[in-house]
file entry.cif (mmCIF, C-alpha atoms and all ligand atoms)
data_protein
loop_
_atom_site.label_atom_id
_atom_site.label_comp_id
_atom_site.auth_asym_id
_atom_site.auth_seq_id
_atom_site.Cartn_x
_atom_site.Cartn_y
_atom_site.Cartn_z
CA MET A 1 -14.12 4.18 16.25
CA ASP A 2 -15.40 7.70 16.65
CA ARG A 3 -13.22 10.03 14.60
CA SER A 4 -15.46 13.08 14.81
CA LYS A 5 -12.57 15.35 15.88
CA ASP A 6 -10.54 14.27 12.86
CA SER A 7 -13.59 14.71 10.63
CA ALA A 8 -14.09 18.24 11.96
CA SER A 9 -10.43 19.11 11.41
CA LEU A 10 -10.51 17.76 7.86
CA SER A 11 -13.76 19.64 7.23
CA SER A 12 -12.16 22.93 8.14
CA PHE A 13 -9.38 22.34 5.60
CA LEU A 14 -11.98 21.39 2.96
CA ALA A 15 -13.97 24.55 3.60
CA GLY A 16 -11.13 26.75 2.37
CA ALA A 17 -10.35 24.74 -0.75
CA LYS A 18 -11.92 24.45 -4.19
CA HIS A 19 -9.34 22.53 -6.20
CA ILE A 20 -8.29 19.51 -4.18
CA SER A 21 -5.83 16.78 -5.16
CA THR A 22 -4.93 13.52 -3.48
CA VAL A 23 -1.57 11.81 -3.72
CA THR A 24 -0.40 8.38 -2.62
CA HIS A 25 2.72 6.20 -2.60
CA GLY A 26 4.69 5.00 -5.61
CA ARG A 27 3.64 1.69 -7.16
CA PRO A 28 0.12 2.16 -5.74
CA ASP A 29 -1.65 -0.89 -4.35
CA GLY A 30 -5.36 -1.47 -3.75
CA ASP A 31 -5.39 0.60 -0.55
CA ALA A 32 -3.61 3.50 -2.25
CA ALA A 33 -6.00 3.39 -5.21
CA GLY A 34 -9.06 2.76 -3.04
CA SER A 35 -8.39 5.56 -0.56
CA SER A 36 -7.63 8.00 -3.41
CA ALA A 37 -10.75 7.03 -5.35
CA SER A 38 -13.06 7.21 -2.35
CA MET A 39 -11.71 10.60 -1.27
CA VAL A 40 -12.12 12.05 -4.76
CA SER A 41 -15.58 10.56 -5.14
CA TYR A 42 -16.72 12.01 -1.79
CA LEU A 43 -15.24 15.46 -2.50
CA GLU A 44 -16.84 15.64 -5.91
CA SER A 45 -20.26 14.15 -5.20
CA CYS A 46 -20.88 15.39 -1.67
CA ARG A 47 -18.86 18.61 -1.48
CA GLY A 48 -18.96 19.81 -5.09
CA LYS A 49 -15.17 20.16 -5.26
CA ASP A 50 -12.91 19.92 -8.26
CA ALA A 51 -11.08 16.79 -7.06
CA VAL A 52 -8.34 14.82 -8.83
CA ALA A 53 -6.32 11.78 -7.67
CA LEU A 54 -2.61 11.96 -8.50
CA PHE A 55 -0.52 8.78 -8.81
CA PRO A 56 3.26 8.55 -9.14
CA ASP A 57 2.88 5.32 -11.17
CA PRO A 58 0.04 3.54 -12.96
CA VAL A 59 -2.54 1.74 -10.83
CA PRO A 60 -2.43 -2.09 -11.13
CA GLU A 61 -4.94 -3.32 -13.67
CA ASN A 62 -6.97 -5.44 -11.24
CA ALA A 63 -7.58 -2.48 -8.87
CA ALA A 64 -8.03 0.27 -11.47
CA PHE A 65 -11.82 -0.23 -11.63
CA VAL A 66 -12.18 1.82 -8.43
CA LEU A 67 -11.27 4.91 -10.47
CA ASP A 68 -13.96 4.43 -13.13
CA GLY A 69 -15.77 7.72 -13.69
CA LEU A 70 -13.38 9.72 -11.47
CA LYS A 71 -10.69 12.24 -12.39
CA TYR A 72 -7.15 10.96 -11.95
CA ILE A 73 -3.66 11.51 -13.34
CA THR A 74 -0.84 8.98 -13.63
CA ASP A 75 1.49 11.07 -15.80
CA ARG A 76 4.12 12.72 -13.58
CA ASP A 77 4.45 15.98 -15.52
CA GLU A 78 0.70 16.36 -15.70
CA ALA A 79 0.45 15.65 -11.97
CA ALA A 80 3.10 18.30 -11.23
CA GLY A 81 1.06 20.77 -13.34
CA ARG A 82 -2.11 19.94 -11.43
CA LEU A 83 -0.31 20.62 -8.12
CA GLN A 84 0.26 24.20 -9.22
CA SER A 85 -3.49 24.85 -9.27
CA THR A 86 -4.22 22.76 -6.14
CA ASP A 87 -5.49 24.51 -2.97
CA LEU A 88 -5.34 21.45 -0.72
CA LEU A 89 -3.34 18.24 -1.02
CA ILE A 90 -4.63 15.13 0.74
CA CYS A 91 -1.89 12.52 1.25
CA LEU A 92 -3.11 8.96 1.55
CA ASP A 93 -1.54 5.66 2.65
CA PHE A 94 2.06 6.77 3.28
CA ASN A 95 3.98 8.22 6.23
CA THR A 96 6.91 10.14 4.71
CA LEU A 97 7.08 12.24 1.55
CA SER A 98 9.87 10.10 0.07
CA ARG A 99 7.29 7.34 -0.46
CA VAL A 100 5.63 9.30 -3.27
CA GLU A 101 8.80 8.41 -5.21
CA GLY A 102 8.45 9.82 -8.74
CA LEU A 103 6.35 12.80 -7.54
CA VAL A 104 8.49 13.66 -4.53
CA ASP A 105 10.04 16.82 -6.00
CA ALA A 106 6.66 18.14 -7.15
CA VAL A 107 5.09 17.41 -3.75
CA ARG A 108 8.00 19.03 -1.89
CA ALA A 109 7.68 22.10 -4.11
CA TYR A 110 3.93 22.36 -3.35
CA LYS A 111 3.45 25.13 -0.79
CA GLY A 112 -0.27 24.81 0.00
CA PRO A 113 -1.73 22.91 2.98
CA LYS A 114 -1.20 19.15 3.20
CA VAL A 115 -3.40 16.72 5.13
CA LEU A 116 -2.23 13.17 5.89
CA ILE A 117 -4.57 10.20 6.33
CA ASP A 118 -2.47 7.10 6.98
CA HIS A 119 -1.96 3.92 8.98
CA HIS A 120 1.85 3.45 9.02
CA GLU A 121 4.17 3.73 12.04
CA GLU A 122 6.16 6.93 12.59
CA PRO A 123 4.33 9.46 10.39
CA ASP A 124 6.52 12.45 9.54
CA THR A 125 4.16 14.90 11.26
CA ALA A 126 6.36 17.93 10.51
CA SER A 127 5.64 17.55 6.77
CA PHE A 128 1.86 17.93 7.15
CA ASP A 129 -0.55 20.62 8.36
CA LEU A 130 -2.98 17.99 9.66
CA CYS A 131 -2.06 14.40 10.53
CA ILE A 132 -4.80 11.82 10.83
CA SER A 133 -2.82 8.70 11.63
CA ASP A 134 -3.60 5.43 13.38
CA THR A 135 -1.73 2.14 13.11
CA ARG A 136 -4.51 0.14 14.77
CA VAL A 137 -6.60 -0.10 11.62
CA SER A 138 -6.36 -2.46 8.66
CA SER A 139 -5.80 0.16 6.00
CA ALA A 140 -5.89 3.79 4.99
CA CYS A 141 -9.35 2.95 3.62
CA GLU A 142 -10.59 1.91 7.06
CA LEU A 143 -9.34 5.13 8.63
CA LEU A 144 -10.82 7.21 5.82
CA TYR A 145 -14.14 5.35 6.14
CA GLU A 146 -14.35 6.36 9.80
CA VAL A 147 -13.36 9.95 9.03
CA LEU A 148 -15.98 10.18 6.26
CA LEU A 149 -18.67 8.75 8.54
CA GLY A 150 -17.95 11.64 10.90
CA MET A 151 -18.70 14.22 8.20
CA PRO A 152 -21.99 16.10 8.70
CA ASP A 153 -23.39 15.06 5.31
CA ILE A 154 -22.70 11.35 5.94
CA ALA A 155 -23.72 11.51 9.63
CA GLY A 156 -22.60 7.99 10.48
CA ASP A 157 -24.71 6.39 7.75
CA PRO A 158 -22.60 4.44 5.22
CA SER A 159 -25.53 4.36 2.76
CA ARG A 160 -25.01 8.12 2.30
CA LEU A 161 -21.54 7.55 0.85
CA PRO A 162 -21.43 7.81 -2.93
CA ALA A 163 -21.52 4.27 -4.38
CA ALA A 164 -18.08 4.70 -5.99
CA ALA A 165 -16.58 5.74 -2.64
CA ALA A 166 -18.16 2.81 -0.79
CA ARG A 167 -16.89 0.31 -3.36
CA ALA A 168 -13.38 1.80 -3.37
CA LEU A 169 -13.18 1.72 0.44
CA MET A 170 -14.15 -1.96 0.55
CA THR A 171 -11.61 -2.70 -2.19
CA GLY A 172 -8.66 -1.07 -0.42
CA MET A 173 -9.48 -2.67 2.91
CA THR A 174 -9.79 -6.06 1.18
CA THR A 175 -6.37 -5.88 -0.48
CA ASP A 176 -4.57 -4.50 2.60
CA THR A 177 -5.94 -7.30 4.77
CA ASN A 178 -5.11 -9.85 2.08
CA ASN A 179 -8.83 -10.59 1.90
CA PHE A 180 -9.38 -10.57 5.68
CA ALA A 181 -6.32 -12.69 6.49
CA ASN A 182 -4.21 -10.01 8.25
CA SER A 183 -4.61 -6.83 10.31
CA VAL A 184 -8.31 -7.38 10.92
CA TRP A 185 -9.52 -5.21 13.82
CA PRO A 186 -13.02 -4.95 15.26
CA GLY A 187 -13.43 -1.76 13.24
CA THR A 188 -12.45 -3.59 10.07
CA LEU A 189 -15.42 -5.93 10.32
CA GLN A 190 -17.72 -3.09 11.38
CA MET A 191 -16.67 -1.25 8.25
CA ALA A 192 -17.21 -4.32 6.07
CA SER A 193 -20.63 -4.80 7.64
CA GLY A 194 -21.61 -1.16 7.15
CA LEU A 195 -20.53 -1.16 3.52
CA LEU A 196 -22.26 -4.46 2.75
CA ALA A 197 -25.48 -3.15 4.27
CA ALA A 198 -25.06 -0.02 2.14
CA GLY A 199 -25.15 -2.20 -0.97
CA VAL A 200 -21.50 -2.75 -1.88
CA ASP A 201 -21.20 -5.78 -4.16
CA ARG A 202 -18.33 -7.68 -2.53
CA GLU A 203 -18.48 -10.63 -4.90
CA ASP A 204 -17.93 -8.31 -7.82
CA ILE A 205 -14.92 -6.77 -6.04
CA ILE A 206 -13.46 -10.24 -5.35
CA ASP A 207 -13.96 -11.26 -8.98
CA ARG A 208 -12.19 -8.16 -10.21
CA LEU A 209 -9.33 -8.35 -7.69
CA TYR A 210 -8.63 -12.05 -7.52
CA HIS A 211 -10.39 -13.86 -10.38
CA SER A 212 -9.15 -11.83 -13.32
CA GLU A 213 -5.55 -13.02 -13.64
CA ARG A 214 -3.64 -13.72 -16.83
CA PRO A 215 -2.09 -17.21 -17.23
CA ASN A 216 1.36 -15.53 -17.16
CA ARG A 217 0.96 -14.84 -13.47
CA LEU A 218 0.15 -18.44 -12.57
CA ALA A 219 3.06 -19.73 -14.68
CA ALA A 220 5.41 -17.33 -12.88
CA MET A 221 3.99 -18.40 -9.52
CA GLY A 222 4.65 -22.04 -10.45
CA GLU A 223 8.28 -21.31 -11.23
CA MET A 224 8.71 -19.34 -8.04
CA LEU A 225 7.29 -22.10 -5.84
CA SER A 226 8.99 -24.99 -7.59
CA GLY A 227 12.49 -23.63 -7.75
CA ARG A 228 13.22 -20.03 -6.96
CA MET A 229 12.13 -19.84 -3.36
CA LYS A 230 14.90 -20.90 -0.92
CA ILE A 231 14.00 -22.12 2.56
CA LEU A 232 16.43 -21.24 5.37
CA PRO A 233 16.90 -23.42 8.47
CA ALA A 234 15.92 -20.60 10.88
CA GLY A 235 12.43 -20.34 9.36
CA GLY A 236 12.96 -17.92 6.50
CA ALA A 237 12.05 -18.09 2.82
CA VAL A 238 14.07 -16.00 0.35
CA THR A 239 12.98 -15.38 -3.24
CA VAL A 240 14.93 -13.21 -5.66
CA LEU A 241 13.34 -12.44 -9.01
CA PRO A 242 15.77 -11.01 -11.58
CA GLN A 243 14.64 -8.93 -14.55
CA SER A 244 15.00 -12.01 -16.78
CA PHE A 245 12.21 -13.71 -14.77
CA PHE A 246 9.80 -10.84 -15.58
CA ASP A 247 10.85 -10.81 -19.24
CA ARG A 248 10.54 -14.56 -19.69
CA HIS A 249 6.99 -14.61 -18.26
CA GLY A 250 5.97 -11.34 -19.90
CA LEU A 251 4.78 -10.00 -16.53
CA LEU A 252 3.14 -6.61 -16.16
CA ASP A 253 3.69 -4.23 -13.27
CA GLY A 254 2.07 -5.59 -10.13
CA GLU A 255 1.67 -9.14 -11.45
CA THR A 256 3.87 -10.58 -8.68
CA GLU A 257 1.65 -8.93 -6.02
CA GLY A 258 0.99 -11.46 -3.26
CA PHE A 259 3.82 -13.84 -4.22
CA VAL A 260 5.66 -12.90 -1.03
CA ASN A 261 2.80 -14.26 1.11
CA MET A 262 2.88 -17.75 -0.35
CA PRO A 263 5.91 -19.24 1.48
CA LEU A 264 4.18 -18.40 4.80
CA ALA A 265 1.83 -21.28 4.01
CA LEU A 266 4.65 -23.57 5.16
CA LYS A 267 4.44 -24.45 8.83
CA ASP A 268 8.10 -23.82 9.55
CA VAL A 269 8.42 -20.53 7.66
CA ARG A 270 7.94 -17.47 9.88
CA LEU A 271 9.29 -14.81 7.54
CA SER A 272 9.23 -14.51 3.77
CA ILE A 273 11.32 -12.02 1.83
CA LEU A 274 10.96 -11.43 -1.88
CA ALA A 275 13.19 -9.14 -3.95
CA ARG A 276 12.38 -7.93 -7.46
CA GLU A 277 14.99 -6.38 -9.73
CA ASP A 278 13.79 -2.90 -10.75
CA GLY A 279 16.26 -1.01 -12.94
CA ASP A 280 19.33 -0.29 -10.87
CA PHE A 281 18.10 -1.66 -7.53
CA PHE A 282 15.97 -4.39 -5.96
CA ARG A 283 12.59 -3.77 -4.35
CA VAL A 284 12.15 -5.89 -1.27
CA SER A 285 8.85 -7.11 0.21
CA ILE A 286 8.78 -8.82 3.58
CA ARG A 287 5.96 -10.67 5.35
CA SER A 288 6.10 -12.44 8.69
CA LYS A 289 3.98 -14.40 11.11
CA ARG A 290 3.17 -12.91 14.50
CA GLY A 291 6.20 -12.89 16.81
CA THR A 292 8.72 -12.05 14.08
CA SER A 293 9.11 -8.45 12.96
CA ALA A 294 9.12 -7.82 9.22
CA ARG A 295 9.33 -4.11 10.03
CA LEU A 296 12.65 -4.37 11.91
CA LEU A 297 14.30 -6.39 9.15
CA ALA A 298 13.21 -3.79 6.56
CA LYS A 299 14.16 -0.84 8.74
CA ASN A 300 17.53 -2.07 9.96
CA PHE A 301 18.85 -3.75 6.83
CA PHE A 302 16.88 -2.72 3.73
CA HIS A 303 16.45 1.09 3.94
CA GLY A 304 12.70 0.68 4.47
CA GLY A 305 10.02 0.02 7.04
CA GLY A 306 6.30 -0.63 7.24
CA HIS A 307 4.10 -2.67 9.53
CA GLU A 308 5.13 -5.43 11.98
CA GLN A 309 3.97 -8.20 9.67
CA ALA A 310 4.26 -6.50 6.24
CA SER A 311 7.12 -4.25 5.26
CA GLY A 312 9.28 -3.25 2.35
CA GLY A 313 12.59 -1.71 1.40
CA ARG A 314 15.42 -1.86 -1.10
CA VAL A 315 18.77 -3.40 -1.92
CA LEU A 316 20.88 -0.68 -3.50
CA ILE A 317 23.62 -1.03 -6.07
CA PRO A 318 26.47 -0.18 -5.42
CA GLN A 319 25.85 0.77 -1.75
CA ASP A 320 24.79 -2.74 -0.67
CA ILE A 321 26.00 -5.00 -3.45
CA SER A 322 28.24 -4.34 -6.42
CA CYS A 323 26.06 -6.09 -9.03
CA ALA A 324 22.64 -7.68 -9.38
CA THR A 325 23.90 -11.26 -9.27
CA GLU A 326 25.01 -10.75 -5.64
CA ALA A 327 21.47 -9.98 -4.46
CA GLU A 328 20.46 -13.50 -3.46
CA GLU A 329 23.57 -14.19 -1.38
CA TYR A 330 23.34 -10.76 0.28
CA ILE A 331 19.66 -11.07 1.18
CA THR A 332 20.06 -14.68 2.34
CA GLY A 333 22.98 -13.78 4.62
CA ILE A 334 21.18 -10.87 6.25
CA THR A 335 17.91 -12.75 6.65
CA ALA A 336 19.53 -15.87 8.12
CA ARG A 337 21.42 -13.76 10.67
CA PHE A 338 18.34 -11.71 11.53
CA LEU A 339 16.28 -14.84 12.17
CA GLN A 340 19.00 -16.45 14.28
CA GLU A 341 19.25 -13.32 16.42
CA ASN A 342 15.47 -12.78 16.61
CA THR A 343 13.85 -16.00 17.69
CA ALA A 344 10.06 -15.91 17.47
CA VAL A 345 8.37 -14.12 20.36
CA LYS A 346 5.44 -16.09 21.74
CA ASN A 347 2.29 -13.99 22.07
P1 LIG A 401 4.85 -4.15 -0.30
O1 LIG A 401 5.67 -5.34 0.05
O2 LIG A 401 3.42 -4.53 -0.52
O3 LIG A 401 5.46 -3.32 -1.36
O4 LIG A 401 4.86 -3.24 0.98
C1 LIG A 401 4.33 -3.69 2.20
C2 LIG A 401 4.33 -2.56 3.18
O5 LIG A 401 5.67 -2.19 3.45
C3 LIG A 401 3.66 -1.29 2.68
O6 LIG A 401 2.34 -1.22 3.12
C4 LIG A 401 4.46 -0.22 3.33
O7 LIG A 401 3.96 -0.03 4.61
C5 LIG A 401 5.82 -0.81 3.57
N1 LIG A 401 6.87 -0.38 2.64
C6 LIG A 401 7.12 -0.85 1.41
N2 LIG A 401 8.20 -0.27 0.89
C7 LIG A 401 8.65 0.61 1.82
C8 LIG A 401 9.75 1.52 1.88
O8 LIG A 401 10.57 1.64 0.96
N3 LIG A 401 9.85 2.27 3.02
C9 LIG A 401 8.99 2.14 4.05
N4 LIG A 401 9.16 2.92 5.14
N5 LIG A 401 7.96 1.30 4.03
C10 LIG A 401 7.79 0.54 2.94
MN MN A 402 -2.22 0.70 3.14
#

call {"tool": "encode", "arguments": {"input": "entry.cif", "output": "structure tokens", "more": "lines below"}}
Ligand code: 5GP
Ligand code: MN
result
Amino acid sequence: MDRSKDSASLSSFLAGAKHISTVTHGRPDGDAAGSSASMVSYLESCRGKDAVALFPDPVPENAAFVLDGLKYITDRDEAAGRLQSTDLLICLDFNTLSRVEGLVDAVRAYKGPKVLIDHHEEPDTASFDLCISDTRVSSACELLYEVLLGMPDIAGDPSRLPAAAARALMTGMTTDTNNFANSVWPGTLQMASGLLAAGVDREDIIDRLYHSERPNRLAAMGEMLSGRMKILPAGGAVTVLPQSFFDRHGLLDGETEGFVNMPLALKDVRLSILAREDGDFFRVSIRSKRGTSARLLAKNFFHGGGHEQASGGRVLIPQDISCATEAEEYITGITARFLQENTAVKN
């Protein structure tokens, strides 16, 4: 899609800024890392800016390669310090400031201009000086790709993108589409085609993202599938992973990424919900098949939101449950009721 107006608006913000930072959501995923890396790479290589990517949490090991050779900060105090000398903050892959989690106070305290580039519903436009937002794209990377193509120095030619930016864009789009399984739009394939023609090595990206696992992850996946996941009569699958599960398998941050998708392989499952104990609350991930809204379940019952088919939220202690052992019963009850009341909509 032609985003030349958005490109021109972003350009005018870039013109007035020398020290530019990006920031993305907590627990960054491939799209968060990829959009941050590609923005920083473009700003540095094509615009000669001092550009740094700020992350509220470490980037998962399998996606961290996109940041090779680029400046980035994952320490929260250091990131807050960098914000003090930042002239322009580019916010990537989130719709409301609360999603930057551990950096939220520092970002709220930042008084310079903020630009948003994002693909989630209901962006909090009042928090940003420029909002580039579209939900009809696969990923923040796809939107950023189109915005970068509209820049005068790229002039619609993906081969003019710095190699690191091109690789990072392909990476983020690949993880957000679950390797072209979901949210694939015509523009998504046009982007993939443009980046491949520009020389991006997709096989290398796939090897790094999906063929570099530790055995711990597969052992944990085995336990999840053979015993932990509960199938509900109305077409739901509920999986609750307590802290002891992570300890027993020695899992690193992000090593259960993608587990929530697996129950959808079953014909009769139309919604999968997976909760992970995280300190004093549970993080919830929800995925659904077309016709059932993961977003509504997250928004109405789990203090969250997201996309129609991929959303997230939380179960809070003590607001929702009084202790961690009640999580499974609580989530199962809500999910069963939600599915009974929301029969699948035929498309
Ligand atoms: P994941 O399950 O991969 O953590 O998140 C899937 C999607 O759900 C994300 O792309 C994001 O759109 C959304 N999401 C996750 N957690 C939250 C949350 O706490 N609040 C909102 N509004 N969206 C979330
Ligand atoms: Mn995304």

call {"tool": "residues_near_ligand", "arguments": {"input": "entry.cif", "ligand": "ligand LIG 401 (chain A)", "cutoff": "9 Å", "atoms": "all atoms listed in the file", "output": "PyMOL selection string"}}
result
chain A and resi 25+27-29+31+93-96+98-99+119-122+139+176+257-258+260+273-274+283-287+294-295+298-299+302-307+309-314

call {"tool": "closest_residue", "arguments": {"input": "entry.cif", "among": "A:Asp50, A:Asp124, A:Val23, A:Ala140", "to": "ligand MN 402 (chain A)", "atoms": "all atoms listed in the file"}}
result
A:Ala140

call {"tool": "residues_around", "arguments": {"input": "entry.cif", "residues": "Glu61 in chain A", "least_positions_apart": "6", "cutoff": "10 Å", "atoms": "only C-alpha atoms", "output": "list in words"}}
result
Arg208, Leu209, Ser212, Glu213, Leu252, Asp253, Gly254 and Glu255 of chain A

call {"tool": "closest_residue", "arguments": {"input": "entry.cif", "among": "A:Gly222, A:Gly69, A:Gly172, A:Pro233", "to": "ligand MN 402 (chain A)", "atoms": "all atoms listed in the file"}}
result
A:Gly172

call {"tool": "closest_residue", "arguments": {"input": "entry.cif", "among": "A:Asp134, A:Glu341, A:Asp68, A:Asp118", "to": "ligand MN 402 (chain A)", "atoms": "only C-alpha atoms and all ligand atoms"}}
result
A:Asp118

call {"tool": "axis_aligned_box", "arguments": {"input": "entry.cif", "around": "range 18-27 of chain A", "padding_each_side": "4 Å", "output": "JSON"}}
result
{"center_x": -3.6, "center_y": 13.1, "center_z": -4.9, "size_x": 24.6, "size_y": 30.8, "size_z": 12.6}

call {"tool": "closest_residue", "arguments": {"input": "entry.cif", "among": "A:Ser11, A:Thr174, A:Ser159, A:Thr74", "to": "ligand MN 402 (chain A)", "atoms": "all atoms listed in the file"}}
result
A:Thr174
